[in-house]
>>> print(open('run.cif').read())   # mmCIF, C-alpha atoms
data_upload
loop_
_atom_site.label_atom_id
_atom_site.label_comp_id
_atom_site.auth_asym_id
_atom_site.auth_seq_id
_atom_site.Cartn_x
_atom_site.Cartn_y
_atom_site.Cartn_z
CA MET A 1 33.41 34.01 -130.77
CA ASP A 2 30.79 33.91 -128.04
CA ALA A 3 33.25 35.56 -125.63
CA LEU A 4 34.46 38.27 -128.03
CA ASP A 5 32.39 41.11 -126.56
CA ASP A 6 33.63 40.24 -123.06
CA LEU A 7 37.27 40.00 -124.16
CA LEU A 8 37.51 43.20 -126.20
CA PRO A 9 37.70 45.56 -123.20
CA ARG A 10 40.60 43.51 -121.80
CA ALA A 11 42.71 43.26 -124.97
CA ASP A 12 45.62 45.58 -125.72
CA VAL A 13 45.73 44.30 -129.31
CA VAL A 14 42.91 42.65 -131.26
CA VAL A 15 44.18 40.66 -134.25
CA LEU A 16 41.81 39.47 -136.97
CA SER A 17 43.02 36.67 -139.22
CA LEU A 18 39.63 35.43 -140.27
CA PRO A 19 38.05 33.87 -143.33
CA LYS A 20 35.01 35.44 -144.95
CA THR A 21 31.93 33.84 -143.40
CA PRO A 22 28.50 35.19 -142.49
CA GLU A 23 29.67 35.36 -138.86
CA THR A 24 32.86 37.32 -139.63
CA THR A 25 31.49 39.80 -142.16
CA ARG A 26 31.20 43.22 -140.46
CA LEU A 27 32.31 41.61 -137.18
CA MET A 28 34.15 44.70 -135.96
CA ASN A 29 31.50 47.41 -136.05
CA ALA A 30 31.01 50.61 -134.04
CA ALA A 31 29.68 48.71 -131.02
CA ARG A 32 32.65 46.31 -130.87
CA LEU A 33 35.21 49.02 -131.63
CA GLY A 34 33.63 50.96 -128.77
CA ARG A 35 34.26 48.04 -126.42
CA MET A 36 38.01 48.15 -127.09
CA LYS A 37 40.42 49.96 -124.79
CA PRO A 38 41.00 53.63 -125.71
CA ASP A 39 44.66 52.76 -126.38
CA GLY A 40 43.82 49.41 -128.01
CA ILE A 41 45.13 48.48 -131.43
CA LEU A 42 43.13 46.64 -134.10
CA VAL A 43 45.12 44.50 -136.58
CA ASN A 44 43.41 42.95 -139.61
CA VAL A 45 45.31 40.54 -141.85
CA GLY A 46 42.33 38.38 -142.84
CA ARG A 47 39.48 39.83 -144.86
CA GLY A 48 38.74 43.52 -145.26
CA ASP A 49 35.00 43.12 -144.81
CA CYS A 50 35.46 41.79 -141.25
CA VAL A 51 35.72 45.47 -140.28
CA VAL A 52 33.07 48.10 -140.96
CA THR A 53 35.42 50.63 -142.54
CA GLU A 54 33.30 53.70 -141.81
CA ASP A 55 33.07 52.71 -138.15
CA LEU A 56 36.84 52.18 -137.98
CA VAL A 57 37.50 55.61 -139.52
CA ALA A 58 35.24 57.18 -136.91
CA ALA A 59 36.95 55.27 -134.06
CA LEU A 60 40.40 56.29 -135.29
CA GLN A 61 39.49 59.93 -135.86
CA SER A 62 37.76 60.30 -132.50
CA GLY A 63 40.48 58.52 -130.54
CA ALA A 64 38.05 55.81 -129.41
CA ILE A 65 40.86 53.33 -130.13
CA GLY A 66 44.58 53.92 -130.14
CA GLY A 67 45.23 52.79 -133.68
CA ALA A 68 44.98 50.14 -136.33
CA VAL A 69 47.19 48.11 -138.65
CA LEU A 70 45.47 46.94 -141.81
CA ASP A 71 46.84 44.61 -144.46
CA VAL A 72 43.35 44.30 -145.96
CA THR A 73 40.62 46.88 -146.41
CA ASP A 74 37.07 47.22 -147.62
CA PRO A 75 37.06 48.47 -150.30
CA GLU A 76 40.28 47.14 -151.72
CA PRO A 77 42.16 48.82 -153.17
CA LEU A 78 41.34 51.98 -151.26
CA PRO A 79 40.38 54.91 -153.46
CA GLU A 80 42.90 57.78 -153.40
CA ASP A 81 40.46 60.03 -151.55
CA HIS A 82 39.42 57.48 -148.89
CA PRO A 83 39.46 58.89 -145.32
CA LEU A 84 41.61 56.01 -144.04
CA TRP A 85 44.57 57.59 -145.83
CA ASP A 86 44.30 60.60 -143.52
CA CYS A 87 44.28 58.64 -140.24
CA GLU A 88 47.61 59.28 -138.53
CA ASN A 89 47.07 56.42 -136.07
CA LEU A 90 46.83 53.86 -138.88
CA VAL A 91 49.44 51.70 -140.60
CA LEU A 92 48.41 50.38 -144.01
CA THR A 93 50.29 47.63 -145.81
CA PRO A 94 49.57 46.57 -149.40
CA HIS A 95 47.89 43.19 -148.74
CA VAL A 96 51.15 41.30 -148.37
CA SER A 97 50.65 39.36 -145.11
CA GLY A 98 49.84 36.08 -146.87
CA PHE A 99 52.63 36.22 -149.42
CA TYR A 100 55.70 33.99 -149.44
CA HIS A 101 58.13 36.37 -147.76
CA LEU A 102 59.70 33.49 -145.85
CA PRO A 103 61.07 30.59 -147.90
CA ALA A 104 59.70 28.22 -145.23
CA THR A 105 56.14 29.41 -145.98
CA LEU A 106 56.43 28.55 -149.66
CA TYR A 107 58.10 25.22 -148.81
CA ASN A 108 55.31 24.32 -146.35
CA ILE A 109 52.56 25.18 -148.83
CA GLN A 110 54.26 23.19 -151.60
CA SER A 111 54.80 20.22 -149.26
CA ILE A 112 51.12 20.15 -148.29
CA ALA A 113 50.09 20.36 -151.96
CA ILE A 114 52.42 17.49 -152.91
CA ARG A 115 51.19 15.32 -150.03
CA ASN A 116 47.56 16.08 -150.93
CA LEU A 117 48.08 15.32 -154.61
CA THR A 118 49.72 12.01 -153.69
CA ALA A 119 46.95 11.15 -151.22
CA TRP A 120 44.24 12.09 -153.74
CA GLY A 121 45.84 9.81 -156.35
CA ARG A 122 45.75 6.96 -153.84
CA GLY A 123 42.17 7.69 -152.78
CA GLU A 124 43.30 8.69 -149.28
CA GLY A 125 42.18 11.58 -147.10
CA LEU A 126 43.58 15.08 -147.62
CA GLU A 127 45.22 17.56 -145.24
CA ASN A 128 43.75 20.97 -144.41
CA VAL A 129 40.29 20.28 -145.77
CA VAL A 130 37.92 23.22 -145.38
CA ASP A 131 34.64 22.78 -143.52
CA PHE A 132 32.38 24.88 -145.74
CA SER A 133 29.76 25.19 -143.02
CA THR A 134 32.20 27.13 -140.81
CA GLY A 135 34.78 28.44 -143.29
CA TYR A 136 37.60 26.96 -141.21
CA ARG A 137 39.88 23.96 -141.56
CA LYS A 138 38.45 20.64 -140.46
CA LEU A 139 40.51 19.18 -137.64
CA PRO A 140 41.24 15.48 -137.44
CA GLU A 141 39.22 13.95 -134.61
CA SER A 142 42.40 13.44 -132.58
CA GLU A 143 43.07 17.21 -132.63
CA GLU A 144 39.55 18.41 -131.88
CA SER A 145 38.97 20.14 -128.58
CA PRO A 146 35.58 19.90 -126.85
CA ALA A 147 34.78 23.39 -128.22
CA CYS A 148 35.52 22.24 -131.76
CA GLN A 149 33.43 19.10 -131.37
CA THR A 150 30.39 21.24 -130.59
CA GLY A 151 31.11 23.48 -133.58
CA ARG A 152 32.01 26.43 -131.35
CA GLY A 153 35.65 27.42 -131.77
CA GLY A 154 37.60 29.64 -129.42
CA VAL A 155 38.40 33.31 -129.79
#
>>> encode(input="run.cif", output="structure tokens")
Amino acid sequence: MDALDDLLPRADVVVLSLPKTPETTRLMNAARLGRMKPDGILVNVGRGDCVVTEDLVAALQSGAIGGAVLDVTDPEPLPEDHPLWDCENLVLTPHVSGFYHLPATLYNIQSIAIRNLTAWGRGEGLENVVDFSTGYRKLPESEESPACQTGRGGV
């Protein structure tokens, strides 16, 4: 995330699919939204509190960014009188991006759960273990890039 501020002005679309961590909470604030292209699009399918909602409303209303697509919001659910509802350059979906719309998604999740339950019963290591210090999945050593080994993931 060290390069985020340098990358924002170059991105046509900024997609957030982030866990809730101290580093991601309020990540997209007025300053970062202001670094985006005037026709840039912000997409958030991770956690609503990664975006400062008031700052996003201001950026959308002023035309500072081209638009946004939100599957998650802060607050959630949005109150009926929330100003986001009036933003014409915004697409809101009802927090469905992580659901099992594709049968393959449900199959993959079930397969991982079955393999993990079997491994746990045998006293073996598990797949997709969360590193609570970062909020992200721990990678097996064979998959780790030099950035991951230093604890600094990519953008």
>>> closest_residue(input="run.cif", among="A:Leu78, A:Leu139, A:Cys87, A:Val45", to="A:Ala59", atoms="only C-alpha atoms")
A:Cys87
>>> residues_around(input="run.cif", residues="A:Val91", least_positions_apart="3", cutoff="8 Å", atoms="only C-alpha atoms", output="PyMOL selection string")
chain A and resi 68-70
>>> atom_distance(input="run.cif", atom1="atom CA of A:Ile112", atom2="atom CA of A:Asn128")
8.4 Å
>>> resolve_selection(input="run.cif", expression="the PyMOL selection byres ((chain A and resi 83) around 12)", output="number ranges by chain")
A: 53-58, 60-61, 75, 78-82, 84-88, 90
>>> atom_distance(input="run.cif", atom1="atom CA of A:Tyr107", atom2="atom CA of A:Lys20")
25.5 Å
>>> atom_distance(input="run.cif", atom1="atom CA of A:Leu7", atom2="atom CA of A:Met36")
8.7 Å
>>> closest_residue(input="run.cif", among="A:Thr118, A:Asp39, A:Tyr136, A:Pro77", to="A:Thr24", atoms="only C-alpha atoms")
A:Tyr136
>>> closest_residue(input="run.cif", among="A:Gly67, A:Pro94, A:Gly121, A:Pro9", to="A:Ala31", atoms="only C-alpha atoms")
A:Pro9
>>> resolve_selection(input="run.cif", expression="the PyMOL selection byres ((chain A and resi 96) around 12)", output="list in words")
Asn44, Val45, Gly46, Leu70, Asp71, Val72, Leu92, Thr93, Pro94, His95, Ser97, Gly98, Phe99, Tyr100, His101 and Leu102 of chain A
>>> closest_residue(input="run.cif", among="A:Ala104, A:Ala64, A:Ala113, A:Met1", to="A:Glu23", atoms="all atoms listed in the file")
A:Met1
>>> resolve_selection(input="run.cif", expression="the PyMOL selection byres ((chain A and resi 29) around 8)", output="NGL selection string")
:A and (26-28 or 30-33 or 51-52 or 55-56)
>>> build_atoms(input="run.cif", residues="stretch 54-85 of chain A", atoms="N, CA and C atoms", output="PDB file, in the frame of the given file")
ATOM      1  N   GLU A  54      33.765  52.394-142.262  1.00  0.00           N
ATOM      2  CA  GLU A  54      33.300  53.700-141.810  1.00  0.00           C
ATOM      3  C   GLU A  54      33.360  53.810-140.288  1.00  0.00           C
ATOM      4  N   ASP A  55      33.024  52.716-139.607  1.00  0.00           N
ATOM      5  CA  ASP A  55      33.070  52.710-138.150  1.00  0.00           C
ATOM      6  C   ASP A  55      34.517  52.778-137.648  1.00  0.00           C
ATOM      7  N   LEU A  56      35.428  52.120-138.363  1.00  0.00           N
ATOM      8  CA  LEU A  56      36.840  52.180-137.980  1.00  0.00           C
ATOM      9  C   LEU A  56      37.387  53.589-138.172  1.00  0.00           C
ATOM     10  N   VAL A  57      37.061  54.223-139.287  1.00  0.00           N
ATOM     11  CA  VAL A  57      37.500  55.610-139.520  1.00  0.00           C
ATOM     12  C   VAL A  57      37.033  56.493-138.373  1.00  0.00           C
ATOM     13  N   ALA A  58      35.778  56.361-137.995  1.00  0.00           N
ATOM     14  CA  ALA A  58      35.240  57.180-136.910  1.00  0.00           C
ATOM     15  C   ALA A  58      35.973  56.907-135.593  1.00  0.00           C
ATOM     16  N   ALA A  59      36.248  55.634-135.298  1.00  0.00           N
ATOM     17  CA  ALA A  59      36.950  55.270-134.060  1.00  0.00           C
ATOM     18  C   ALA A  59      38.372  55.815-134.061  1.00  0.00           C
ATOM     19  N   LEU A  60      39.038  55.767-135.201  1.00  0.00           N
ATOM     20  CA  LEU A  60      40.400  56.290-135.290  1.00  0.00           C
ATOM     21  C   LEU A  60      40.422  57.808-135.175  1.00  0.00           C
ATOM     22  N   GLN A  61      39.520  58.463-135.880  1.00  0.00           N
ATOM     23  CA  GLN A  61      39.490  59.930-135.860  1.00  0.00           C
ATOM     24  C   GLN A  61      39.097  60.495-134.506  1.00  0.00           C
ATOM     25  N   SER A  62      38.221  59.802-133.796  1.00  0.00           N
ATOM     26  CA  SER A  62      37.760  60.300-132.500  1.00  0.00           C
ATOM     27  C   SER A  62      38.679  59.910-131.353  1.00  0.00           C
ATOM     28  N   GLY A  63      39.620  59.000-131.606  1.00  0.00           N
ATOM     29  CA  GLY A  63      40.480  58.520-130.540  1.00  0.00           C
ATOM     30  C   GLY A  63      39.835  57.444-129.687  1.00  0.00           C
ATOM     31  N   ALA A  64      38.722  56.877-130.163  1.00  0.00           N
ATOM     32  CA  ALA A  64      38.050  55.810-129.410  1.00  0.00           C
ATOM     33  C   ALA A  64      38.951  54.592-129.257  1.00  0.00           C
ATOM     34  N   ILE A  65      39.828  54.362-130.245  1.00  0.00           N
ATOM     35  CA  ILE A  65      40.860  53.330-130.130  1.00  0.00           C
ATOM     36  C   ILE A  65      42.197  53.985-130.445  1.00  0.00           C
ATOM     37  N   GLY A  66      43.258  53.335-129.985  1.00  0.00           N
ATOM     38  CA  GLY A  66      44.580  53.920-130.140  1.00  0.00           C
ATOM     39  C   GLY A  66      45.108  53.902-131.560  1.00  0.00           C
ATOM     40  N   GLY A  67      44.739  52.884-132.321  1.00  0.00           N
ATOM     41  CA  GLY A  67      45.230  52.790-133.680  1.00  0.00           C
ATOM     42  C   GLY A  67      44.833  51.495-134.333  1.00  0.00           C
ATOM     43  N   ALA A  68      45.288  51.348-135.571  1.00  0.00           N
ATOM     44  CA  ALA A  68      44.980  50.140-136.330  1.00  0.00           C
ATOM     45  C   ALA A  68      46.123  49.854-137.301  1.00  0.00           C
ATOM     46  N   VAL A  69      46.253  48.578-137.634  1.00  0.00           N
ATOM     47  CA  VAL A  69      47.190  48.110-138.650  1.00  0.00           C
ATOM     48  C   VAL A  69      46.360  47.250-139.588  1.00  0.00           C
ATOM     49  N   LEU A  70      46.301  47.646-140.842  1.00  0.00           N
ATOM     50  CA  LEU A  70      45.470  46.940-141.810  1.00  0.00           C
ATOM     51  C   LEU A  70      46.306  46.459-142.989  1.00  0.00           C
ATOM     52  N   ASP A  71      46.250  45.166-143.253  1.00  0.00           N
ATOM     53  CA  ASP A  71      46.840  44.610-144.460  1.00  0.00           C
ATOM     54  C   ASP A  71      45.754  44.395-145.512  1.00  0.00           C
ATOM     55  N   VAL A  72      44.507  44.464-145.082  1.00  0.00           N
ATOM     56  CA  VAL A  72      43.350  44.300-145.960  1.00  0.00           C
ATOM     57  C   VAL A  72      42.350  45.388-145.620  1.00  0.00           C
ATOM     58  N   THR A  73      41.609  45.828-146.614  1.00  0.00           N
ATOM     59  CA  THR A  73      40.620  46.880-146.410  1.00  0.00           C
ATOM     60  C   THR A  73      39.356  46.569-147.197  1.00  0.00           C
ATOM     61  N   ASP A  74      38.320  47.284-146.863  1.00  0.00           N
ATOM     62  CA  ASP A  74      37.070  47.220-147.620  1.00  0.00           C
ATOM     63  C   ASP A  74      36.616  48.659-147.825  1.00  0.00           C
ATOM     64  N   PRO A  75      36.739  49.172-149.055  1.00  0.00           N
ATOM     65  CA  PRO A  75      37.060  48.470-150.300  1.00  0.00           C
ATOM     66  C   PRO A  75      38.561  48.267-150.462  1.00  0.00           C
ATOM     67  N   GLU A  76      38.883  47.379-151.388  1.00  0.00           N
ATOM     68  CA  GLU A  76      40.280  47.140-151.720  1.00  0.00           C
ATOM     69  C   GLU A  76      40.395  47.059-153.233  1.00  0.00           C
ATOM     70  N   PRO A  77      41.281  47.848-153.812  1.00  0.00           N
ATOM     71  CA  PRO A  77      42.160  48.820-153.170  1.00  0.00           C
ATOM     72  C   PRO A  77      41.380  50.054-152.711  1.00  0.00           C
ATOM     73  N   LEU A  78      41.976  50.749-151.757  1.00  0.00           N
ATOM     74  CA  LEU A  78      41.340  51.980-151.260  1.00  0.00           C
ATOM     75  C   LEU A  78      41.418  53.063-152.318  1.00  0.00           C
ATOM     76  N   PRO A  79      40.327  53.771-152.549  1.00  0.00           N
ATOM     77  CA  PRO A  79      40.380  54.910-153.460  1.00  0.00           C
ATOM     78  C   PRO A  79      41.342  55.978-152.918  1.00  0.00           C
ATOM     79  N   GLU A  80      41.923  56.754-153.801  1.00  0.00           N
ATOM     80  CA  GLU A  80      42.900  57.780-153.400  1.00  0.00           C
ATOM     81  C   GLU A  80      42.339  58.762-152.387  1.00  0.00           C
ATOM     82  N   ASP A  81      41.042  59.039-152.443  1.00  0.00           N
ATOM     83  CA  ASP A  81      40.460  60.030-151.550  1.00  0.00           C
ATOM     84  C   ASP A  81      39.785  59.419-150.314  1.00  0.00           C
ATOM     85  N   HIS A  82      40.059  58.142-150.027  1.00  0.00           N
ATOM     86  CA  HIS A  82      39.420  57.480-148.890  1.00  0.00           C
ATOM     87  C   HIS A  82      39.931  58.080-147.579  1.00  0.00           C
ATOM     88  N   PRO A  83      39.044  58.281-146.583  1.00  0.00           N
ATOM     89  CA  PRO A  83      39.460  58.890-145.320  1.00  0.00           C
ATOM     90  C   PRO A  83      40.471  58.077-144.512  1.00  0.00           C
ATOM     91  N   LEU A  84      40.598  56.786-144.764  1.00  0.00           N
ATOM     92  CA  LEU A  84      41.610  56.010-144.040  1.00  0.00           C
ATOM     93  C   LEU A  84      43.014  56.548-144.290  1.00  0.00           C
ATOM     94  N   TRP A  85      43.243  57.059-145.502  1.00  0.00           N
ATOM     95  CA  TRP A  85      44.570  57.590-145.830  1.00  0.00           C
ATOM     96  C   TRP A  85      44.973  58.737-144.907  1.00  0.00           C
TER      97      TRP A  85
END
